[in-house]
Amino acid sequence: MMTAKQRELLSAFVDGELNKQEIDELLALMETDKDAKTEFMRYQLSSDVIHGYKSYSTPVDLTQRISAALTDEKAHSVEATDMPKAKVFALPNWFWKQTAGLAAAASIGALAVVGVMNQPQTSLSPQLAEIDSVQQQGLTHSATNRWTVGEQEVEDRLNNYLVDHNEYAGASGLFSYARVVSYGEE
Amino acid sequence: MRFLLHLFLVMSVAWSASIQANDKEAVQMLERMTEAAKNLTYEGVFAYQSGKTLQSIRIFHRADARGEVERLISLNGAAREVIRSNDMVTCINPEGKQVNVSRRPLGRGFPSDLPRRLSSATPYYEVGLGDTDRVAGRQAHELIIKPLDNYRYGYRLWVDSETGLLLKSELRNDQGEVLETFAFSSVSTSVHIPEHKLKPQMNGEEMTWHRSEPETPMDMAKMTNNVSQWRMQWLPEGFALVAQQTRLRASNGAAVEQRVYSDGLSSVSIFIEKIRARHDHLNGGSHVGAINAYGTIMHAHFVTVVGEVPAVTVEKIGNAITHIAAQ
Amino acid sequence: MNVDQELVRRVQAGDKKAFDLLIMKYQQRIIHVITGFVHDPVEAMDVAQEAFIKAYRALPGFRGDSAFYTWLYRIAINTSKNYLTAASRRPPVSDVDAMDATIYYDAPELKEFETPESSLMSDELKQAIHLAIQDLPEDTATAIKLREFEGLSYEEIAQAMDCPIGTVRSRIFRAREAIDKQVKAVMGGEEQ
């Protein structure tokens with residue numbers, strides 16, 4: 001029988017909110033208590049269902065099958081020093097927060113902008129992370145069907161606003177989302 | 001929602017008493033148009049033109065006991081899609097490989113609540129009937145809506161004589177120049193739209209939560225202690241607050257306050273977003289088609305005014321926003 | 001700390017058990033994703049197993065420049081497509097290669113592939129969960145909603161609710177327990 005503290009550990013794992021020591025505790029718990037896995041999988045299932053994943057009525061567990069299939073597989077031995085540190089560590093913290101929050105991106109009532117994750121080379125450059133002060137984008141006028149702003153980030157934010165505003169836009173309500181569909185097309 | 005309904009009833013009464021006889025037929029047509037947009041099931045292709053942009057868009061709209069579902073797909077360029085259901089807006093952009101899912105503000109203001117809007121808009125516009133014309137092979141009545149000042153745009157609407165469906169719409173500035181046109185090239189009403197036509201073309205992952213809890217935004221408002229700290233010192237005459245909500249931005253969890261002001265026909269949204277990290281923002285004006293935006297940074301917030309109104313209007317509004325602490 | 005990242009690091013350093021945790025956490029979602037391609041539940045599980053094995057083998061090369069789940073999702077999609085090609089079935093009309101894992105939208109077409117029973121069960125579960133949340137005390141309900149619906153981290157919830165992180169964690173746990181009670185009841189009903 002697990003203690004409340006142990007079950008709380010499982011709940012925190014659903015949320016990805018564990019420190020290193022707690023990960024050790026969790027690994028130990030999974031080794032010693034068979035219920036831990038079942039319990040965790042039900043917690044995880046509830047969370048998945050909330051997020052709209054249709055599921056089989058009971059959680060499916062593939063861990064044993066997969067472990068069995070991997071028994072003969074050599075354990076990895078990538079040393080931490082082999083990792084391309086420069087690239088990994090150049091990522092600003094907010095990026096991790098963002099990618100770890102995939103579910104957040106979808107579930108937040110506000111528009112989820114996920115474009116940033118598709119442009120690691122531009123959005124995640126160290127230069128950006130090092131920007132010291134809030135920079136403001138100047139305006140330029142042009143006839144293109146895009147916001148006349150320089151930064152992708154600013155454009156994304158304005159596009160969120162465009163979609164949110166369209167809900168209330170004018171007499172052409174019937175057509176208003178056409179602006180969104182046409183955005184950026186020449 | 002109940003508030004809106006009350007507002008609607010109050011305004012309807014006030015407005016029907018004051019409406020001028022020559023406007024009456026035009027306004028009745030507008031009401032019919034709104035009903036049609038809501039209750040008809042239709043399918044068609046329309047063109048959207050703004051500046052150099054010309055986009056062909058297919059639309060499916062189904063209205064039945066389940067509510068309304070609408071899907072728009074662009075036919076040239078990248079196959080962007082927007083799907084609107086009763087409480088969700090999903091925007092799919094295959095080019096940028098991104099899909100945005102949004103809870104619909106207020107849940108169900110869909111499509112437009114034009115009669116309510118018009119009731120309050122009438123004093124600021126002249127509404128009249130134009131000629132009959134043919135649009136998408138159908139006979140249409142033209143409606144002419146002209147603003148009385150320079151803070152809003154005018155509209156010309158072509159309404160299907162038979163069904164009341166809006167077939168064509170133009171947004172015009174004070175010079176009479178057309179800023180934006182939406183026009184059906186073909187449309188069929190009373191069609192059956194099978195389920196698959198309302199689904200996105202692309203397969204993908206399902207990650208939306210089901211928004212069966214209308215109280216959530218309220219909870220949020222309560223919780224973040226969201227008494228607005230912002231005041232509008234100036235709005236064009238006739239503009240009043242019609243909606244307000246605070247939501248959380250996905251990318252950084254920042255609360256974004258949206259306040260919508262409308263004169264009944266044209267509307268402006270003000271977005272106030274707390275700066276959570278060092279980011280850039282629009283400083284000054286920008287536009288997409290007929291939509292103007294004006295951005296500033298104030299009290300560590302991005303403040304952005306967005307609306308289908310002239311640039312001067314968003315700018316004036318943007319410069320008239322003050323933070324309470326600053327007063 | 002990013003838990004997935006830490007688990008990946010441990011697997012890379014030779015800890016196979018850490019991989020079990022990643023499977024446990026993501027298998028339902030991965031199976032769900034695969035079911036969009038491979039409609040037969042038994043086959044879908046085989047494909048899921050294959051995807052996880054591929055992921056394990058590829059893990060030394062995983063650099064952490066995308067989230068682990070994003071990476072895993074891509075592997076699952078490719079595995080599904082390969083499976084369909086091998087089985088010379090017609091792959092779905094859309095080109096999923098062109099899509100990235102950072103795609104969010106309701107894919108209602110998946111419902112069509114469910115058996116009526118499983119879909120019913122899903123709805124029942126969802127309903128039970130929502131009812132359980134409605135019955136929670138206010139603080140607990142707020143914490144779980146901010147977590148699950150708004151996607152906030154414990155730290156952000158602590159800020160929003162003006163309470164210590166430990167309190168957030170225990171509130172969310174209490175909510176999960178209450179939800180779990182209902183979930184168990186639904187599952188229990190199924191077995192009878």
# chains A, B, ... in the order shown; residues from 1 in each chain; ligands from 1

$ residues_around --residues "Val154 (chain A)" --least-positions-apart "6" --cutoff "7 Å" --atoms "only C-alpha atoms" --output "count of residues only"
3

$ select_by_dssp --residues "region 125-191 of chain B" --states "strand (DSSP E or B)" --output "PyMOL selection string"
chain B and resi 125-135+138-147+154-160+166-172+178-189

$ residues_around --residues "Glu39 (chain A)" --least-positions-apart "4" --cutoff "8 Å" --atoms "only C-alpha atoms" --output "list in words"
Arg7, Leu10, Asp35 and Tyr43 of chain A

$ write_last_selection --atoms "N, CA and C atoms" --output "mmCIF file, in the first residue's frame"
data_model
loop_
_atom_site.group_PDB
_atom_site.id
_atom_site.type_symbol
_atom_site.label_atom_id
_atom_site.label_comp_id
_atom_site.auth_asym_id
_atom_site.auth_seq_id
_atom_site.Cartn_x
_atom_site.Cartn_y
_atom_site.Cartn_z
ATOM 1 N N ARG A 7 2.010 8.536 -3.538
ATOM 2 C CA ARG A 7 1.028 8.789 -4.602
ATOM 3 C C ARG A 7 1.153 10.228 -5.117
ATOM 4 N N LEU A 10 3.627 10.364 -7.771
ATOM 5 C CA LEU A 10 3.098 9.921 -9.071
ATOM 6 C C LEU A 10 2.361 11.069 -9.762
ATOM 7 N N ASP A 35 1.739 -1.665 -7.606
ATOM 8 C CA ASP A 35 0.588 -0.770 -7.713
ATOM 9 C C ASP A 35 0.975 0.606 -8.249
ATOM 10 N N TYR A 43 -3.705 7.895 -13.307
ATOM 11 C CA TYR A 43 -3.556 9.361 -13.223
ATOM 12 C C TYR A 43 -3.255 9.935 -14.606
#

$ atom_distance --atom1 "CA of Leu143 (chain B)" --atom2 "CA of Arg259 (chain B)"
29.3 Å

$ select_by_dssp --residues "region 8-57 of chain A" --states "helix (DSSP H, G or I)" --output "ChimeraX atom specification"
/A:8-14,20-32,34-50

$ closest_residue --among "C:Val42, C:Val47, C:Ala67, C:Ala132" --to "chain A" --atoms "only C-alpha atoms"
C:Ala67

$ residues_around --residues "Ala128 (chain C)" --least-positions-apart "3" --cutoff "10 Å" --atoms "only C-alpha atoms" --output "PyMOL selection string"
(chain A and resi 46) or (chain C and resi 122-125+131-134+179-186)

$ write_last_selection --atoms "C-alpha atoms" --output "mmCIF file, in the first residue's frame"
data_model
loop_
_atom_site.group_PDB
_atom_site.id
_atom_site.type_symbol
_atom_site.label_atom_id
_atom_site.label_comp_id
_atom_site.auth_asym_id
_atom_site.auth_seq_id
_atom_site.Cartn_x
_atom_site.Cartn_y
_atom_site.Cartn_z
ATOM 1 C CA SER A 46 -7.230 10.965 -16.650
ATOM 2 C CA SER C 122 -14.122 7.558 -23.480
ATOM 3 C CA ASP C 123 -17.102 9.872 -23.185
ATOM 4 C CA GLU C 124 -18.100 8.314 -19.922
ATOM 5 C CA LEU C 125 -14.597 8.773 -18.568
ATOM 6 C CA LEU C 131 -18.030 15.847 -12.711
ATOM 7 C CA ALA C 132 -15.270 15.000 -10.265
ATOM 8 C CA ILE C 133 -13.625 18.360 -10.943
ATOM 9 C CA GLN C 134 -16.928 20.164 -10.400
ATOM 10 C CA ILE C 179 -10.794 12.162 -10.153
ATOM 11 C CA ASP C 180 -9.232 8.748 -9.848
ATOM 12 C CA LYS C 181 -12.029 7.563 -7.600
ATOM 13 C CA GLN C 182 -14.522 8.343 -10.362
ATOM 14 C CA VAL C 183 -12.298 6.872 -13.045
ATOM 15 C CA LYS C 184 -11.991 3.662 -11.080
ATOM 16 C CA ALA C 185 -15.763 3.522 -10.723
ATOM 17 C CA VAL C 186 -16.190 3.838 -14.495
#

$ residues_around --residues "Arg147 (chain C)" --least-positions-apart "2" --cutoff "12 Å" --atoms "only C-alpha atoms" --output "PyMOL selection string"
(chain A and resi 11-12+14-17+47+50-51+101+103-105+107-108) or (chain B and resi 253) or (chain C and resi 140-145+149-158+160-161+168-169+171-173+175-176)

$ closest_atom_pairs --of "chain C" --to "chain A" --cutoff "7 Å" --atoms "only C-alpha atoms" --output "JSON lines"
{"residue": "C:Met1", "atom": "CA", "partner": "A:Asn19", "partner_atom": "CA", "distance": 6.4}
{"residue": "C:Val3", "atom": "CA", "partner": "A:Gly16", "partner_atom": "CA", "distance": 5.4}
{"residue": "C:Val11", "atom": "CA", "partner": "A:His76", "partner_atom": "CA", "distance": 6.7}
{"residue": "C:Gln12", "atom": "CA", "partner": "A:His76", "partner_atom": "CA", "distance": 5.1}
{"residue": "C:Ala13", "atom": "CA", "partner": "A:Ser77", "partner_atom": "CA", "distance": 4.7}
{"residue": "C:Gly14", "atom": "CA", "partner": "A:His76", "partner_atom": "CA", "distance": 4.5}
{"residue": "C:Asp15", "atom": "CA", "partner": "A:Ala75", "partner_atom": "CA", "distance": 7.0}
{"residue": "C:Lys16", "atom": "CA", "partner": "A:Ala75", "partner_atom": "CA", "distance": 6.6}
{"residue": "C:Asp20", "atom": "CA", "partner": "A:Thr63", "partner_atom": "CA", "distance": 5.9}
{"residue": "C:Ile23", "atom": "CA", "partner": "A:Thr63", "partner_atom": "CA", "distance": 6.2}
{"residue": "C:Met24", "atom": "CA", "partner": "A:Thr63", "partner_atom": "CA", "distance": 6.6}
{"residue": "C:Lys25", "atom": "CA", "partner": "A:Gln44", "partner_atom": "CA", "distance": 6.8}
{"residue": "C:Gln28", "atom": "CA", "partner": "A:Val60", "partner_atom": "CA", "distance": 6.8}
{"residue": "C:Arg29", "atom": "CA", "partner": "A:Tyr53", "partner_atom": "CA", "distance": 6.5}
{"residue": "C:His32", "atom": "CA", "partner": "A:Tyr53", "partner_atom": "CA", "distance": 6.6}
{"residue": "C:Gln49", "atom": "CA", "partner": "A:Ile66", "partner_atom": "CA", "distance": 6.1}
{"residue": "C:Ile53", "atom": "CA", "partner": "A:Ile66", "partner_atom": "CA", "distance": 6.8}
{"residue": "C:Pro60", "atom": "CA", "partner": "A:Val78", "partner_atom": "CA", "distance": 6.3}
{"residue": "C:Gly64", "atom": "CA", "partner": "A:Val88", "partner_atom": "CA", "distance": 6.7}
{"residue": "C:Asp65", "atom": "CA", "partner": "A:Val88", "partner_atom": "CA", "distance": 6.5}
{"residue": "C:Ala67", "atom": "CA", "partner": "A:Thr99", "partner_atom": "CA", "distance": 5.5}
{"residue": "C:Thr102", "atom": "CA", "partner": "A:Val114", "partner_atom": "CA", "distance": 6.3}
{"residue": "C:Tyr104", "atom": "CA", "partner": "A:Ala106", "partner_atom": "CA", "distance": 5.9}
{"residue": "C:Ser118", "atom": "CA", "partner": "A:Tyr56", "partner_atom": "CA", "distance": 5.9}
{"residue": "C:Met121", "atom": "CA", "partner": "A:Ser57", "partner_atom": "CA", "distance": 5.7}
{"residue": "C:Ser122", "atom": "CA", "partner": "A:Lys54", "partner_atom": "CA", "distance": 6.1}
{"residue": "C:Lys126", "atom": "CA", "partner": "A:Val49", "partner_atom": "CA", "distance": 6.2}
{"residue": "C:Phe149", "atom": "CA", "partner": "A:Ser107", "partner_atom": "CA", "distance": 5.3}
{"residue": "C:Glu150", "atom": "CA", "partner": "A:Ile108", "partner_atom": "CA", "distance": 4.5}
{"residue": "C:Gly151", "atom": "CA", "partner": "A:Ala104", "partner_atom": "CA", "distance": 3.8}
{"residue": "C:Leu152", "atom": "CA", "partner": "A:Ala104", "partner_atom": "CA", "distance": 6.9}
{"residue": "C:Arg169", "atom": "CA", "partner": "A:Ala12", "partner_atom": "CA", "distance": 6.8}
{"residue": "C:Ser170", "atom": "CA", "partner": "A:Glu8", "partner_atom": "CA", "distance": 6.8}
{"residue": "C:Phe173", "atom": "CA", "partner": "A:Glu8", "partner_atom": "CA", "distance": 5.5}
{"residue": "C:Arg176", "atom": "CA", "partner": "A:Tyr43", "partner_atom": "CA", "distance": 6.5}
{"residue": "C:Asp180", "atom": "CA", "partner": "A:Tyr43", "partner_atom": "CA", "distance": 6.6}
{"residue": "C:Met187", "atom": "CA", "partner": "A:Thr58", "partner_atom": "CA", "distance": 6.8}

$ write_last_selection --atoms "C-alpha atoms" --output "compact mmCIF listing (two decimals), in the first residue's frame"
# COMPACT_ATOMS: atom_id res chain seq x y z
CA MET C 1 14.19 20.97 -14.12
CA VAL C 3 11.91 15.74 -16.14
CA VAL C 11 18.74 6.46 -20.53
CA GLN C 12 21.65 7.79 -22.55
CA ALA C 13 23.88 7.08 -19.58
CA GLY C 14 22.69 3.48 -19.49
CA ASP C 15 19.65 3.42 -17.21
CA LYS C 16 17.02 1.35 -19.00
CA ASP C 20 10.23 2.61 -18.74
CA ILE C 23 7.02 4.69 -21.99
CA MET C 24 4.59 4.77 -19.10
CA LYS C 25 4.09 8.47 -19.50
CA GLN C 28 -1.40 6.21 -24.29
CA ARG C 29 -0.82 9.29 -26.39
CA HIS C 32 -3.75 7.27 -29.82
CA GLN C 49 5.97 -1.04 -29.48
CA ILE C 53 12.02 0.43 -29.65
CA PRO C 60 21.90 8.34 -28.14
CA GLY C 64 17.43 17.69 -26.93
CA ASP C 65 16.83 20.48 -29.41
CA ALA C 67 11.08 18.23 -26.68
CA THR C 102 3.80 20.68 -32.98
CA TYR C 104 -2.62 20.74 -32.26
CA SER C 118 -14.63 2.37 -26.65
CA MET C 121 -16.27 4.60 -22.60
CA SER C 122 -14.12 7.56 -23.48
CA LYS C 126 -14.50 12.35 -19.67
CA PHE C 149 -6.72 23.31 -18.82
CA GLU C 150 -4.36 26.23 -18.80
CA GLY C 151 -1.12 24.26 -18.76
CA LEU C 152 0.56 26.29 -16.05
CA ARG C 169 1.42 20.06 -5.52
CA SER C 170 -0.76 18.63 -2.78
CA PHE C 173 -2.67 15.51 -5.95
CA ARG C 176 -6.16 13.62 -8.99
CA ASP C 180 -9.23 8.75 -9.85
CA MET C 187 -13.58 1.20 -15.16
